[in-house]
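Colleague: Just so it is clear, I am handing over coords.cif, which has mmCIF, C-alpha atoms.
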```cif
data_data
#
loop_
_atom_site.label_atom_id
_atom_site.label_comp_id
_atom_site.auth_asym_id
_atom_site.auth_seq_id
_atom_site.Cartn_x
_atom_site.Cartn_y
_atom_site.Cartn_z
CA MET A 1 -100.06 -68.52 93.42
CA ALA A 2 -98.96 -68.23 97.01
CA LEU A 3 -95.45 -69.59 97.15
CA ALA A 4 -93.47 -69.58 100.35
CA SER A 5 -92.19 -71.39 103.37
CA LEU A 6 -91.93 -70.15 106.90
CA LEU A 7 -88.67 -70.50 108.78
CA LEU A 8 -88.50 -69.57 112.42
CA SER A 9 -85.80 -69.45 115.03
CA GLN A 10 -85.68 -67.65 118.34
CA GLU A 11 -84.19 -64.74 116.40
CA HIS A 12 -85.26 -65.28 112.81
CA LEU A 13 -88.46 -66.11 110.92
CA VAL A 14 -89.21 -66.49 107.21
CA VAL A 15 -92.83 -66.17 106.08
CA LEU A 16 -95.08 -65.21 103.18
CA GLU A 17 -98.71 -64.95 104.25
CA GLN A 18 -99.76 -61.47 105.16
CA ARG A 19 -101.12 -62.06 108.67
CA ARG A 20 -98.63 -64.49 110.16
CA PRO A 21 -95.79 -61.91 110.22
CA TRP A 22 -97.96 -59.64 112.36
CA VAL A 23 -98.59 -62.43 114.88
CA LEU A 24 -94.99 -63.56 115.04
CA ALA A 25 -93.31 -60.17 114.85
CA LEU A 26 -95.13 -59.28 118.06
CA ARG A 27 -93.14 -62.05 119.77
CA GLY A 28 -89.90 -60.18 119.08
CA ILE A 29 -88.82 -62.57 116.32
CA HIS A 30 -86.77 -61.49 113.34
CA VAL A 31 -89.07 -62.20 110.38
CA ILE A 32 -87.51 -63.06 107.02
CA MET A 33 -90.24 -63.19 104.39
CA ALA A 34 -89.57 -65.77 101.66
CA VAL A 35 -91.63 -64.68 98.67
CA ARG A 36 -91.89 -65.26 94.95
CA ASN A 37 -92.96 -61.67 94.28
CA MET A 38 -90.43 -59.37 95.91
CA ASP A 39 -92.52 -56.23 95.34
CA SER A 40 -95.48 -57.75 97.18
CA GLY A 41 -93.17 -58.92 99.95
CA ARG A 42 -91.73 -55.44 100.42
CA LYS A 43 -95.24 -53.96 100.63
CA VAL A 44 -96.17 -56.40 103.39
CA LYS A 45 -92.94 -55.58 105.19
CA GLU A 46 -93.69 -51.86 104.98
CA ALA A 47 -97.20 -52.40 106.33
CA ILE A 48 -95.89 -54.37 109.31
CA ILE A 49 -93.17 -51.82 110.07
CA LYS A 50 -95.73 -49.04 109.88
CA GLU A 51 -97.91 -50.76 112.50
CA PHE A 52 -95.03 -52.15 114.58
CA PRO A 53 -91.96 -49.91 114.18
CA ASP A 54 -89.78 -52.18 116.33
CA ALA A 55 -90.51 -55.27 114.22
CA LYS A 56 -87.51 -56.86 112.53
CA ILE A 57 -88.46 -57.81 108.94
CA ASP A 58 -86.41 -58.80 105.88
CA VAL A 59 -87.44 -60.15 102.48
CA MET A 60 -85.81 -62.97 100.50
CA GLU A 61 -86.79 -64.47 97.16
CA LEU A 62 -88.15 -68.03 97.03
CA ASP A 63 -90.28 -69.80 94.42
CA LEU A 64 -91.15 -73.27 95.68
CA SER A 65 -92.21 -74.47 92.24
CA SER A 66 -88.56 -74.16 91.15
CA MET A 67 -85.90 -76.47 92.54
CA SER A 68 -83.14 -74.09 91.47
CA SER A 69 -84.86 -71.29 93.43
CA VAL A 70 -85.21 -73.58 96.46
CA ARG A 71 -81.53 -74.50 96.30
CA LYS A 72 -80.50 -70.86 95.92
CA PHE A 73 -82.62 -69.77 98.89
CA ALA A 74 -81.39 -72.61 101.11
CA SER A 75 -77.78 -71.89 100.19
CA GLU A 76 -78.16 -68.21 101.02
CA TYR A 77 -79.96 -68.93 104.29
CA ASN A 78 -77.43 -71.52 105.41
CA SER A 79 -74.54 -69.25 104.42
CA SER A 80 -75.98 -66.46 106.55
CA ALA A 81 -75.16 -68.44 109.71
CA LEU A 82 -78.65 -67.73 111.03
CA PRO A 83 -80.02 -70.37 113.42
CA LEU A 84 -83.24 -72.22 112.61
CA ASN A 85 -85.59 -73.58 115.28
CA ILE A 86 -88.86 -73.79 113.39
CA LEU A 87 -89.64 -74.38 109.72
CA ILE A 88 -93.19 -73.87 108.51
CA ASN A 89 -93.72 -75.11 104.96
CA ASN A 90 -96.62 -73.27 103.39
CA ALA A 91 -97.06 -72.95 99.64
CA GLY A 92 -100.28 -73.20 97.76
CA VAL A 93 -101.46 -73.55 94.20
CA MET A 94 -104.94 -75.04 93.96
CA ALA A 95 -106.57 -76.88 91.08
CA PRO A 96 -105.15 -75.06 88.02
CA PRO A 97 -105.38 -76.50 84.51
CA PHE A 98 -102.61 -79.00 83.81
CA MET A 99 -99.24 -77.25 83.90
CA GLU A 100 -95.67 -78.36 84.49
CA SER A 101 -93.04 -76.65 86.60
CA GLU A 102 -89.72 -75.57 85.11
CA ASP A 103 -88.43 -78.97 86.26
CA LYS A 104 -91.09 -80.68 84.11
CA ILE A 105 -93.19 -81.93 87.01
CA GLU A 106 -96.95 -81.38 87.40
CA LEU A 107 -97.23 -77.97 89.00
CA GLN A 108 -99.31 -78.77 92.10
CA PHE A 109 -97.16 -81.72 93.11
CA ALA A 110 -94.00 -79.73 92.38
CA THR A 111 -95.08 -76.66 94.34
CA ASN A 112 -97.13 -78.04 97.20
CA HIS A 113 -94.95 -81.05 97.99
CA LEU A 114 -91.58 -81.33 96.23
CA GLY A 115 -90.51 -77.75 96.92
CA HIS A 116 -91.18 -78.27 100.62
CA PHE A 117 -89.52 -81.67 100.62
CA LEU A 118 -86.34 -80.34 99.04
CA LEU A 119 -86.23 -77.19 101.16
CA THR A 120 -86.67 -79.18 104.36
CA ASN A 121 -83.86 -81.56 103.44
CA LEU A 122 -81.53 -78.69 102.57
CA LEU A 123 -82.21 -76.87 105.85
CA LEU A 124 -82.30 -79.90 108.12
CA ASP A 125 -78.62 -79.84 109.11
CA ASN A 126 -79.06 -76.22 110.16
CA MET A 127 -82.08 -77.19 112.27
CA LYS A 128 -80.23 -80.09 113.90
CA LYS A 129 -77.29 -77.83 114.75
CA THR A 130 -79.61 -75.20 116.21
CA ALA A 131 -81.55 -77.72 118.29
CA ARG A 132 -78.31 -79.17 119.62
CA GLU A 133 -76.70 -75.82 120.47
CA SER A 134 -79.80 -74.07 121.79
CA GLN A 135 -81.08 -77.10 123.71
CA LYS A 136 -84.53 -76.18 122.39
CA GLU A 137 -86.88 -78.41 120.44
CA GLY A 138 -87.00 -77.76 116.70
CA ARG A 139 -90.35 -77.93 114.93
CA ILE A 140 -91.22 -78.60 111.30
CA VAL A 141 -94.80 -77.70 110.38
CA ILE A 142 -96.27 -78.64 107.01
CA VAL A 143 -99.52 -76.96 105.96
CA ALA A 144 -101.75 -79.59 104.34
CA SER A 145 -105.54 -79.60 103.88
CA GLU A 146 -108.70 -81.64 104.39
CA GLY A 147 -108.55 -81.71 100.60
CA HIS A 148 -106.21 -84.69 101.03
CA ARG A 149 -109.36 -86.83 101.27
CA VAL A 150 -110.41 -86.01 97.71
CA VAL A 151 -107.74 -87.83 95.79
CA TYR A 152 -106.98 -90.38 93.09
CA GLY A 153 -107.84 -93.95 94.14
CA GLU A 154 -104.22 -94.98 94.57
CA GLY A 155 -103.41 -91.84 96.55
CA ILE A 156 -100.08 -90.94 94.98
CA ARG A 157 -99.82 -91.67 91.25
CA PHE A 158 -96.14 -92.54 91.19
CA THR A 159 -96.19 -93.62 87.54
CA LYS A 160 -98.62 -90.94 86.36
CA ILE A 161 -97.50 -87.72 88.07
CA ASN A 162 -97.20 -86.01 84.68
CA ASP A 163 -100.05 -87.79 82.88
CA ARG A 164 -101.93 -84.95 81.22
CA SER A 165 -104.61 -87.21 79.72
CA SER A 166 -105.89 -88.44 83.10
CA TYR A 167 -105.22 -85.24 85.05
CA TYR A 168 -108.06 -83.94 87.17
CA SER A 169 -107.19 -80.69 88.88
CA VAL A 170 -109.07 -81.19 92.16
CA LEU A 171 -107.78 -84.76 92.60
CA ALA A 172 -104.24 -83.61 91.81
CA TYR A 173 -104.59 -80.95 94.49
CA GLY A 174 -105.73 -83.64 96.94
CA GLN A 175 -102.73 -85.75 95.93
CA SER A 176 -100.34 -82.90 96.77
CA LYS A 177 -101.99 -82.35 100.15
CA LEU A 178 -101.92 -86.08 100.90
CA ALA A 179 -98.20 -85.91 100.10
CA ASN A 180 -97.81 -83.13 102.70
CA ILE A 181 -99.22 -85.33 105.47
CA LEU A 182 -97.22 -88.39 104.39
CA HIS A 183 -94.06 -86.25 104.25
CA ALA A 184 -94.56 -85.09 107.84
CA LYS A 185 -95.28 -88.64 109.01
CA GLU A 186 -92.17 -90.17 107.46
CA LEU A 187 -89.98 -87.23 108.45
CA ALA A 188 -91.17 -87.58 112.07
CA ARG A 189 -90.30 -91.28 112.01
CA ARG A 190 -86.81 -90.60 110.68
CA LEU A 191 -86.11 -87.82 113.18
CA LYS A 192 -87.26 -89.98 116.08
CA GLU A 193 -85.14 -92.88 114.85
CA GLU A 194 -82.15 -90.57 114.65
CA GLY A 195 -82.76 -89.28 118.16
CA VAL A 196 -82.93 -85.64 117.04
CA ASP A 197 -84.88 -83.13 119.14
CA ILE A 198 -87.01 -81.98 116.19
CA THR A 199 -90.70 -82.73 115.63
CA ALA A 200 -92.63 -82.80 112.35
CA ASN A 201 -96.40 -82.34 112.05
CA SER A 202 -98.94 -81.42 109.37
CA LEU A 203 -102.18 -79.49 109.65
CA HIS A 204 -105.38 -78.31 108.03
CA PRO A 205 -105.63 -74.52 108.41
CA GLY A 206 -109.36 -74.45 107.68
CA ALA A 207 -111.34 -73.21 104.72
CA ILE A 208 -109.93 -69.71 104.30
CA ALA A 209 -111.13 -66.80 102.21
CA THR A 210 -108.16 -66.43 99.82
CA ASN A 211 -107.68 -66.37 96.04
CA LEU A 212 -106.65 -70.03 95.76
CA LEU A 213 -109.78 -70.78 93.70
CA ARG A 214 -109.05 -68.18 91.04
CA HIS A 215 -108.75 -70.92 88.38
CA HIS A 216 -112.44 -71.76 89.01
CA SER A 217 -114.29 -68.45 88.65
CA PHE A 218 -117.78 -69.78 89.36
CA ILE A 219 -116.72 -71.60 92.53
CA GLU A 220 -114.69 -68.59 93.61
CA GLY A 221 -117.73 -66.38 93.14
CA VAL A 222 -119.90 -68.65 95.25
CA ALA A 223 -117.18 -68.86 97.90
CA SER A 224 -116.90 -65.08 98.02
CA TRP A 225 -120.67 -64.78 98.41
CA ILE A 226 -121.03 -67.25 101.27
CA GLY A 227 -117.49 -66.88 102.62
CA LYS A 228 -118.33 -64.27 105.22
CA TYR A 229 -120.66 -66.80 106.83
CA VAL A 230 -118.68 -70.07 106.65
CA LEU A 231 -115.04 -69.38 105.79
CA LYS A 232 -112.23 -68.41 108.13
CA ASN A 233 -110.46 -65.12 107.63
CA ILE A 234 -106.68 -65.18 107.24
CA PRO A 235 -105.86 -64.57 110.94
CA GLN A 236 -108.22 -67.40 111.93
CA GLY A 237 -106.68 -69.60 109.25
CA ALA A 238 -103.21 -68.90 110.62
CA ALA A 239 -104.19 -69.89 114.15
CA THR A 240 -103.55 -73.64 113.88
CA THR A 241 -100.24 -73.07 112.13
CA CYS A 242 -99.06 -70.75 114.90
CA TYR A 243 -100.35 -73.16 117.54
CA VAL A 244 -98.44 -76.14 116.15
CA ALA A 245 -95.32 -74.03 115.61
CA LEU A 246 -95.21 -72.27 118.97
CA HIS A 247 -97.50 -73.63 121.69
CA PRO A 248 -95.94 -75.43 124.69
CA GLN A 249 -98.75 -78.02 124.59
CA VAL A 250 -97.35 -79.36 121.31
CA LYS A 251 -93.89 -79.99 122.77
CA GLY A 252 -92.75 -83.52 121.95
CA VAL A 253 -95.72 -84.21 119.68
CA SER A 254 -94.62 -85.52 116.28
CA GLY A 255 -96.09 -87.25 113.24
CA GLU A 256 -99.59 -85.90 113.90
CA TYR A 257 -102.19 -84.11 111.77
CA PHE A 258 -103.84 -81.07 113.36
CA ALA A 259 -107.09 -79.23 112.64
CA ASP A 260 -108.60 -76.34 114.63
CA SER A 261 -105.62 -76.47 117.01
CA ASN A 262 -106.34 -80.08 117.97
CA ILE A 263 -104.97 -83.42 116.82
CA GLY A 264 -107.20 -84.63 114.00
CA LYS A 265 -107.70 -87.90 112.16
CA PRO A 266 -106.46 -87.95 108.57
CA SER A 267 -107.61 -90.42 105.91
CA SER A 268 -106.49 -94.04 105.86
CA LEU A 269 -104.16 -93.26 102.95
CA ALA A 270 -102.57 -90.44 104.96
CA SER A 271 -101.99 -92.91 107.82
CA ASP A 272 -100.27 -95.48 105.59
CA ALA A 273 -96.66 -95.74 106.81
CA GLU A 274 -95.56 -97.81 103.80
CA LEU A 275 -97.02 -95.27 101.39
CA ALA A 276 -95.15 -92.54 103.29
CA LYS A 277 -91.86 -94.42 102.89
CA LYS A 278 -92.51 -94.97 99.19
CA LEU A 279 -93.29 -91.29 98.69
CA TRP A 280 -90.05 -90.34 100.46
CA GLU A 281 -87.95 -92.43 98.09
CA PHE A 282 -89.92 -91.19 95.08
CA SER A 283 -89.42 -87.57 96.17
CA LEU A 284 -85.69 -88.15 96.60
CA SER A 285 -85.48 -89.55 93.09
CA LEU A 286 -87.15 -86.42 91.69
CA THR A 287 -85.10 -83.89 93.66
CA GLU A 288 -81.61 -85.31 93.96
CA SER A 289 -80.77 -84.92 90.29
CA LYS A 290 -82.32 -81.47 89.85
#
```
What do you get writing this file as structure tokens?

Modeller:
Amino acid sequence: MALASLLLSQEHLVVLEQRRPWVLALRGIHVIMAVRNMDSGRKVKEAIIKEFPDAKIDVMELDLSSMSSVRKFASEYNSSALPLNILINNAGVMAPPFMESEDKIELQFATNHLGHFLLTNLLLDNMKKTARESQKEGRIVIVASEGHRVVYGEGIRFTKINDRSSYYSVLAYGQSKLANILHAKELARRLKEEGVDITANSLHPGAIATNLLRHHSFIEGVASWIGKYVLKNIPQGAATTCYVALHPQVKGVSGEYFADSNIGKPSSLASDAELAKKLWEFSLSLTESK
């Protein structure tokens, strides 16, 4: 389970995935790796430092499937007085058997959407302050997937999030990725309405050769066999994320869905503004009391 978010300022960055720190550390940014497994995080840090001795890397603990972990991380980050220009939400658990998080919420929805939703809300005041003081546009980037098209008929099952009997792992994954796009859309609307110089966008990183399919051994085997011909490697998969987070061409662009470093067209459900508003209120109800 790859659990992390990516926070970036002109001086500080928080990331999990093993190639993005290389790309961003080269820009002279202080990278703070937010990871569930601290040992793995330290190993990545050591590998980066070995290749780039001048890179600034730190490791912090964050498990996005746990609201208490999200709150602890956000509290520690905000207490550090570090600025925050860019937040990249990137956590992934894909199509496991039915499981619940420690907060008793279906694991994919809890990890892939609610953890990001809560973390973003907890860090938003920091981002607003940074944007105001630095006079630089803040950016929130939410990593979604083309998998958002393969989803339950109603899109988000507000009354059946934890319904084990009708759970279908692939559709639940699509639901969580649909939630990512709707989150970015509604967040962009709210930020624009507030007049804050912060954008919010979602993206599809591409089909990447990772271990996300480990719960489906046959499919994973097939993917490994053909992957070298059709799948992106991790650096290629990180390209759209880095583009949306950093490129000058994306300045002022908000509420969009990107694929292959271009604005893409999400599904009709992902473009439903009323569904996005409903999801926002639903997500608040699940996170405010936790």

Colleague: Compile the contact shell of Val250 of chain A as an mmCIF file with C-alpha atoms, in the coordinates of the input: residues with an atom at most 10 Å away, counting all atoms listed in the file, same-chain residues fewer than 5 positions apart removed.

Modeller:
```
data_model
loop_
_atom_site.group_PDB
_atom_site.id
_atom_site.type_symbol
_atom_site.label_atom_id
_atom_site.label_comp_id
_atom_site.auth_asym_id
_atom_site.auth_seq_id
_atom_site.Cartn_x
_atom_site.Cartn_y
_atom_site.Cartn_z
ATOM 1 C CA ARG A 139 -90.350 -77.930 114.930
ATOM 2 C CA THR A 199 -90.700 -82.730 115.630
ATOM 3 C CA ASN A 201 -96.400 -82.340 112.050
ATOM 4 C CA TYR A 243 -100.350 -73.160 117.540
ATOM 5 C CA VAL A 244 -98.440 -76.140 116.150
ATOM 6 C CA ALA A 245 -95.320 -74.030 115.610
ATOM 7 C CA SER A 261 -105.620 -76.470 117.010
ATOM 8 C CA ASN A 262 -106.340 -80.080 117.970
ATOM 9 C CA ILE A 263 -104.970 -83.420 116.820
#
```

Colleague: Going by the chain IDs and residue numbers used in this file, which residues fall under the PyMOL selection byres ((chain A and resi 151-156) around 8)? Write them as number ranges by chain.

Modeller: A: 147-150, 157-158, 170-175, 178-179, 269, 279

Colleague: Can I get the selected residues back with C-alpha atoms, as a short mmCIF file (atom, residue, chain, number, x, y, z; two decimals), in the coordinates of the input?

Modeller:
```
data_model
loop_
_atom_site.label_atom_id
_atom_site.label_comp_id
_atom_site.auth_asym_id
_atom_site.auth_seq_id
_atom_site.Cartn_x
_atom_site.Cartn_y
_atom_site.Cartn_z
CA GLY A 147 -108.55 -81.71 100.60
CA HIS A 148 -106.21 -84.69 101.03
CA ARG A 149 -109.36 -86.83 101.27
CA VAL A 150 -110.41 -86.01 97.71
CA ARG A 157 -99.82 -91.67 91.25
CA PHE A 158 -96.14 -92.54 91.19
CA VAL A 170 -109.07 -81.19 92.16
CA LEU A 171 -107.78 -84.76 92.60
CA ALA A 172 -104.24 -83.61 91.81
CA TYR A 173 -104.59 -80.95 94.49
CA GLY A 174 -105.73 -83.64 96.94
CA GLN A 175 -102.73 -85.75 95.93
CA LEU A 178 -101.92 -86.08 100.90
CA ALA A 179 -98.20 -85.91 100.10
CA LEU A 269 -104.16 -93.26 102.95
CA LEU A 279 -93.29 -91.29 98.69
#
```

Colleague: Can you tell me which residues surround Val141 of chain A at a distance of at most 9 Å, considering all atoms listed in the file, apart from same-chain residues fewer than 4 positions away, and format the answer as number ranges by chain?

Modeller: A: 6, 86-90, 184, 199-203, 241, 244-245

Colleague: Go through A:Leu246, A:Asp197, A:Pro266, A:Glu186 one by one, measure the shortest atom-to-atom distance of each to Ser134 of chain A using all atoms listed in the file, and give the residue with the smallest value.

Modeller: A:Asp197

Colleague: With the PyMOL selection byres ((chain A and resi 282) around 12) as the selection, what would be picked from this file? Answer as a list of chain:residue names, please.

Modeller: A:His113, A:Leu114, A:Phe117, A:Ile156, A:Arg157, A:Phe158, A:Thr159, A:Ile161, A:Ala179, A:His183, A:Leu275, A:Ala276, A:Lys277, A:Lys278, A:Leu279, A:Trp280, A:Glu281, A:Ser283, A:Leu284, A:Ser285, A:Leu286, A:Thr287, A:Glu288

Colleague: I need the residue nearest Ile181 of chain A from this list: A:Asn85, A:Ser80, A:Ser65, A:Ser271. Use only C-alpha atoms for the distance.

Modeller: A:Ser271

Colleague: Can you measure atom CA of Gly115 of chain A to atom CA of Ser69 of chain A for me? One decimal in Å is fine.

Modeller: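 Computing the Euclidean distance for atom CA of Gly115 of chain A and atom CA of Ser69 of chain A yields 9.3 Å.
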
Colleague: Give me, please, the distance in Å between atom CA of Ser75 of chain A and atom CA of Ile48 of chain A, quoted to one decimal.

Modeller: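 A separation of 26.8 Å between them.
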
Colleague: Mind giving me the straight-line distance from atom CA of Glu61 of chain A to atom CA of Ile32 of chain A in Å, one decimal?

Modeller: 10.0 Å

Colleague: Set the distance at 10 Å and use only C-alpha atoms: which residues neighbour Leu123 of chain A once local chain neighbours fewer than 6 positions away are removed? I'd like the list as a list of chain:residue names.

Modeller: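 These residues fall inside the cut-off: A:Leu7, A:Arg71, A:Phe73, A:Ala74, A:Ser75, A:Tyr77, A:Asn78, A:Leu84, A:Leu87.
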
Colleague: Can you work out which one of A:His116, A:Lys72, A:Lys45, A:Arg189 has the shortest atom-to-atom distance to Ala144 of chain A, counting all atoms listed in the file?

Modeller: A:His116
